[in-house]
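Visitor: Before I ask anything, let me first share the structure, which is written out below as structure tokens.
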Amino acid sequence: MNFLFFLLTWGVGCNGFSPLVPGTIQPGLRTQICGVGGVCFPLQVAAGCCASILRAQAEAFGASKSGQENDALSAGSVRGGRSWQVLAQRVFQNDDRPIILYDGICNLCNGGVNFMLDWDSPNEERGNFRFAALQSDVGRALLQRGGKEPDDCSSIVLALEDGNTYHKGEAVLRIGQGLGRGTALDPAAPILSSIAKAVVPVFLRDGLYDYIAKNRYVWFGESNECRLWDDRFDERFVGDLEP
């Protein structure tokens with residue numbers, strides 16, 4: 001069984017809050033989403049994790065765009081006409097930490113992010129990983145860098161500075177190898193993830209992943225609220241880069 005994927009799904013408790021660290025996030029740090037075109041708290045925008053912003057972007061720049069604009073996106077641009085190649089390179093210029101791309105409107109995925117924040121050096125400003133939503137400009141650029149369609153939200157993605165990109169079970173296990181520092185999961189998570197990576201066949205990992213991913217909205221629903229991150233975690237989220 002994919003040990004880390006079990007841990008990530010376990011972290012979905014309480015509508016996306018990790019139940020493993022009681023009191024880590026207080027209810028007051030959770031807020032109803034802003035409406036399409038509305039204004040969110042600055043911290044939500046800076047963190048890039050407000051589900052309503054992502055949904056509004058998807059609506060504004062997805063089905064509602066003209067065929068010509070969609071052709072431009074497919075041809076190699078992200079929103080605003082910027083080249084995805086340039087954006088994918090810039091995001092690693094000053095920070096070489098791997099970036100985890102997650103579905104910003106999926107309760108399961110947001111729960112996994114919460115879990116990783118709580119168990120990746122939670123008492124330090126910098127963890128081993130950064131995060132960006134698949135629906136964001138950075139997410140779309142890194143998807144294209146990895147040979148995927150910019151609107152592909154079917155899998156978690158781990159993007160490295162060296163240009164390598166990992167998906168599905170491989171991404172989950174590689175993330176597991178970097179989790180646990182400064183927590184009770186060190187060194188259990190890295191060791192168990194390495195063992196699973198060595199002994200569990202790829203087809204089993206990806207088969208389990210695909211089955212859960214296909215049903216994630218039905219089983220866990222979509223997120224209608226955002227987590228307002230405290231100051232410790234702002235630095236771990238990749239916001240939109242200035243042109």
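Labels for the structure tokens follow display order: chains A, B, ..., residues from 1 in each chain, ligands from 1.
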Mind listing the helix (DSSP H, G or I) residues of segment 78-214 of chain A, per DSSP on the backbone, as number ranges by chain?
Guide: A: 84-90, 107-119, 137-145, 168-176, 188-199, 202-214
Visitor: Give the answer as one residue: which of A:Phe220, A:Trp84, A:Trp119, A:Asp206 has the shortest atom-to-atom distance to Gly147 of chain A, using only C-alpha atoms?
Guide: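 Counting only C-alpha atoms, the residue closest to Gly147 of chain A is A:Trp84.
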Visitor: Compile the contact shell of Arg145 of chain A as JSON, numbers by chain: residues with an atom at most 9 Å away, counting only C-alpha atoms, same-chain residues fewer than 2 positions apart removed.
Guide: {"A": [84, 85, 88, 140, 141, 142, 143, 147, 148, 163, 164, 165]}
Visitor: With only C-alpha atoms as the atoms that count, which of A:Asn94, A:Leu173, A:Ala132, A:Leu108 lies nearest to Val199 of chain A?
Guide: A:Leu173
Visitor: My list of candidates is A:Ser136, A:Ile191, A:Ile99, A:Gly104. Which is closest to Gly176 of chain A when distances are computed with only C-alpha atoms?
Guide: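 Counting only C-alpha atoms, the residue closest to Gly176 of chain A is A:Ile191.
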Visitor: Please provide the set of residues having any atom within 12 Å of Cys153 of chain A, restricted to only C-alpha atoms, with same-chain residues fewer than 5 positions apart removed, written as a list of chain:residue names.
Guide: A:Ala58, A:Leu101, A:Tyr102, A:Asp103, A:Gly104, A:Ile105, A:Cys106, A:Cys109, A:Ala133, A:Leu134, A:Gln135, A:Ser136, A:Gly139, A:Arg140, A:Leu143, A:Lys148, A:His167, A:Lys168, A:Ala213, A:Lys214, A:Arg216
Visitor: Nearest to Ala159 of chain A: which of A:Val91, A:Ala198, A:Ile100, A:Leu179 is it, counting only C-alpha atoms?
Guide: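 That would be A:Ile100, the residue with the smallest distance to Ala159 of chain A.
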Visitor: What does the distance from atom CA of Arg90 of chain A to atom CA of Val157 of chain A come to in Å, to one decimal?
Guide: 18.0 Å
Visitor: To one decimal place in Å, what is the distance between atom CA of Phe92 of chain A and atom CA of Tyr166 of chain A?
Guide: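 A separation of 16.5 Å between them.
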Visitor: Nearest to Arg97 of chain A among A:Leu192, A:Met116, A:Val200, A:Leu158, with distances taken over only C-alpha atoms: which residue is it?
Guide: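 Distance minimum relative to Arg97 of chain A lands on A:Leu158.
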Visitor: To one decimal place in Å, what is the distance between atom CA of Phe115 of chain A and atom CA of Asp137 of chain A?
Guide: 23.9 Å
Visitor: Quick one: pick out all strand (DSSP E or B) residues within segment 117-211 of chain A from a backbone DSSP run and write them as a ChimeraX atom specification.
Guide: /A:130-133,157-159,165-167
Visitor: Just to be explicit: take each residue in the selection above, keep all heavy atoms, and write the result as a PDB file, in the first residue's frame.
Guide:
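Here's the written file selection.pdb:
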```pdb
ATOM      1  N   ARG A 130       7.774  23.844  -1.730  1.00  0.00           N
ATOM      2  CA  ARG A 130       6.872  24.980  -1.962  1.00  0.00           C
ATOM      3  C   ARG A 130       5.602  24.443  -2.609  1.00  0.00           C
ATOM      4  O   ARG A 130       5.568  23.312  -3.097  1.00  0.00           O
ATOM      5  CB  ARG A 130       7.531  26.019  -2.871  1.00  0.00           C
ATOM      6  CG  ARG A 130       8.711  26.728  -2.225  1.00  0.00           C
ATOM      7  CD  ARG A 130       9.307  27.760  -3.174  1.00  0.00           C
ATOM      8  NE  ARG A 130      10.014  27.127  -4.286  1.00  0.00           N
ATOM      9  CZ  ARG A 130      10.352  27.763  -5.412  1.00  0.00           C
ATOM     10  NH1 ARG A 130       9.984  29.025  -5.608  1.00  0.00           N
ATOM     11  NH2 ARG A 130      11.018  27.136  -6.361  1.00  0.00           N
ATOM     12  N   PHE A 131       4.565  25.280  -2.639  1.00  0.00           N
ATOM     13  CA  PHE A 131       3.267  24.851  -3.148  1.00  0.00           C
ATOM     14  C   PHE A 131       2.708  25.871  -4.131  1.00  0.00           C
ATOM     15  O   PHE A 131       2.874  27.075  -3.971  1.00  0.00           O
ATOM     16  CB  PHE A 131       2.264  24.673  -2.001  1.00  0.00           C
ATOM     17  CG  PHE A 131       2.680  23.660  -0.974  1.00  0.00           C
ATOM     18  CD1 PHE A 131       3.453  24.032   0.110  1.00  0.00           C
ATOM     19  CD2 PHE A 131       2.307  22.334  -1.104  1.00  0.00           C
ATOM     20  CE1 PHE A 131       3.854  23.101   1.054  1.00  0.00           C
ATOM     21  CE2 PHE A 131       2.700  21.387  -0.168  1.00  0.00           C
ATOM     22  CZ  PHE A 131       3.475  21.781   0.915  1.00  0.00           C
ATOM     23  N   ALA A 132       2.019  25.358  -5.148  1.00  0.00           N
ATOM     24  CA  ALA A 132       1.294  26.216  -6.091  1.00  0.00           C
ATOM     25  C   ALA A 132       0.097  25.422  -6.602  1.00  0.00           C
ATOM     26  O   ALA A 132       0.176  24.198  -6.767  1.00  0.00           O
ATOM     27  CB  ALA A 132       2.182  26.644  -7.258  1.00  0.00           C
ATOM     28  N   ALA A 133      -1.005  26.092  -6.834  1.00  0.00           N
ATOM     29  CA  ALA A 133      -2.187  25.427  -7.363  1.00  0.00           C
ATOM     30  C   ALA A 133      -1.990  25.104  -8.839  1.00  0.00           C
ATOM     31  O   ALA A 133      -1.368  25.863  -9.585  1.00  0.00           O
ATOM     32  CB  ALA A 133      -3.414  26.308  -7.188  1.00  0.00           C
ATOM     33  N   VAL A 157       1.545  17.002  -8.831  1.00  0.00           N
ATOM     34  CA  VAL A 157       2.774  17.122  -9.618  1.00  0.00           C
ATOM     35  C   VAL A 157       3.904  17.610  -8.713  1.00  0.00           C
ATOM     36  O   VAL A 157       3.700  18.515  -7.898  1.00  0.00           O
ATOM     37  CB  VAL A 157       2.594  18.106 -10.796  1.00  0.00           C
ATOM     38  CG1 VAL A 157       3.906  18.292 -11.550  1.00  0.00           C
ATOM     39  CG2 VAL A 157       1.506  17.619 -11.746  1.00  0.00           C
ATOM     40  N   LEU A 158       5.063  17.017  -8.846  1.00  0.00           N
ATOM     41  CA  LEU A 158       6.262  17.478  -8.155  1.00  0.00           C
ATOM     42  C   LEU A 158       7.234  17.973  -9.210  1.00  0.00           C
ATOM     43  O   LEU A 158       7.724  17.190 -10.028  1.00  0.00           O
ATOM     44  CB  LEU A 158       6.882  16.348  -7.332  1.00  0.00           C
ATOM     45  CG  LEU A 158       8.181  16.687  -6.588  1.00  0.00           C
ATOM     46  CD1 LEU A 158       7.921  17.758  -5.523  1.00  0.00           C
ATOM     47  CD2 LEU A 158       8.790  15.435  -5.956  1.00  0.00           C
ATOM     48  N   ALA A 159       7.504  19.276  -9.219  1.00  0.00           N
ATOM     49  CA  ALA A 159       8.379  19.889 -10.220  1.00  0.00           C
ATOM     50  C   ALA A 159       9.706  20.276  -9.573  1.00  0.00           C
ATOM     51  O   ALA A 159       9.721  20.976  -8.555  1.00  0.00           O
ATOM     52  CB  ALA A 159       7.710  21.120 -10.832  1.00  0.00           C
ATOM     53  N   THR A 165      10.000  16.321 -13.742  1.00  0.00           N
ATOM     54  CA  THR A 165       8.640  16.461 -13.226  1.00  0.00           C
ATOM     55  C   THR A 165       8.082  15.070 -12.959  1.00  0.00           C
ATOM     56  O   THR A 165       8.211  14.171 -13.794  1.00  0.00           O
ATOM     57  CB  THR A 165       7.745  17.189 -14.242  1.00  0.00           C
ATOM     58  OG1 THR A 165       8.331  18.455 -14.578  1.00  0.00           O
ATOM     59  CG2 THR A 165       6.354  17.448 -13.659  1.00  0.00           C
ATOM     60  N   TYR A 166       7.456  14.900 -11.797  1.00  0.00           N
ATOM     61  CA  TYR A 166       6.914  13.604 -11.410  1.00  0.00           C
ATOM     62  C   TYR A 166       5.425  13.725 -11.112  1.00  0.00           C
ATOM     63  O   TYR A 166       4.960  14.761 -10.621  1.00  0.00           O
ATOM     64  CB  TYR A 166       7.658  13.060 -10.183  1.00  0.00           C
ATOM     65  CG  TYR A 166       9.142  12.919 -10.412  1.00  0.00           C
ATOM     66  CD1 TYR A 166      10.027  13.912  -9.997  1.00  0.00           C
ATOM     67  CD2 TYR A 166       9.665  11.804 -11.067  1.00  0.00           C
ATOM     68  CE1 TYR A 166      11.390  13.801 -10.217  1.00  0.00           C
ATOM     69  CE2 TYR A 166      11.034  11.682 -11.307  1.00  0.00           C
ATOM     70  CZ  TYR A 166      11.888  12.685 -10.869  1.00  0.00           C
ATOM     71  OH  TYR A 166      13.248  12.564 -11.106  1.00  0.00           O
ATOM     72  N   HIS A 167       4.699  12.649 -11.410  1.00  0.00           N
ATOM     73  CA  HIS A 167       3.247  12.651 -11.258  1.00  0.00           C
ATOM     74  C   HIS A 167       2.799  11.424 -10.465  1.00  0.00           C
ATOM     75  O   HIS A 167       3.551  10.488 -10.259  1.00  0.00           O
ATOM     76  CB  HIS A 167       2.564  12.635 -12.633  1.00  0.00           C
ATOM     77  CG  HIS A 167       3.031  13.696 -13.565  1.00  0.00           C
ATOM     78  ND1 HIS A 167       4.145  13.548 -14.364  1.00  0.00           N
ATOM     79  CD2 HIS A 167       2.546  14.941 -13.829  1.00  0.00           C
ATOM     80  CE1 HIS A 167       4.329  14.649 -15.089  1.00  0.00           C
ATOM     81  NE2 HIS A 167       3.373  15.500 -14.777  1.00  0.00           N
TER      82      HIS A 167
END
```
Visitor: At a cut-off of 7 Å, using only C-alpha atoms, what residues contact Gly178 of chain A? Leave out same-chain residues fewer than 4 positions from it and give the result as an MDAnalysis selection string.
Guide: chainID A and resid 128 174 190
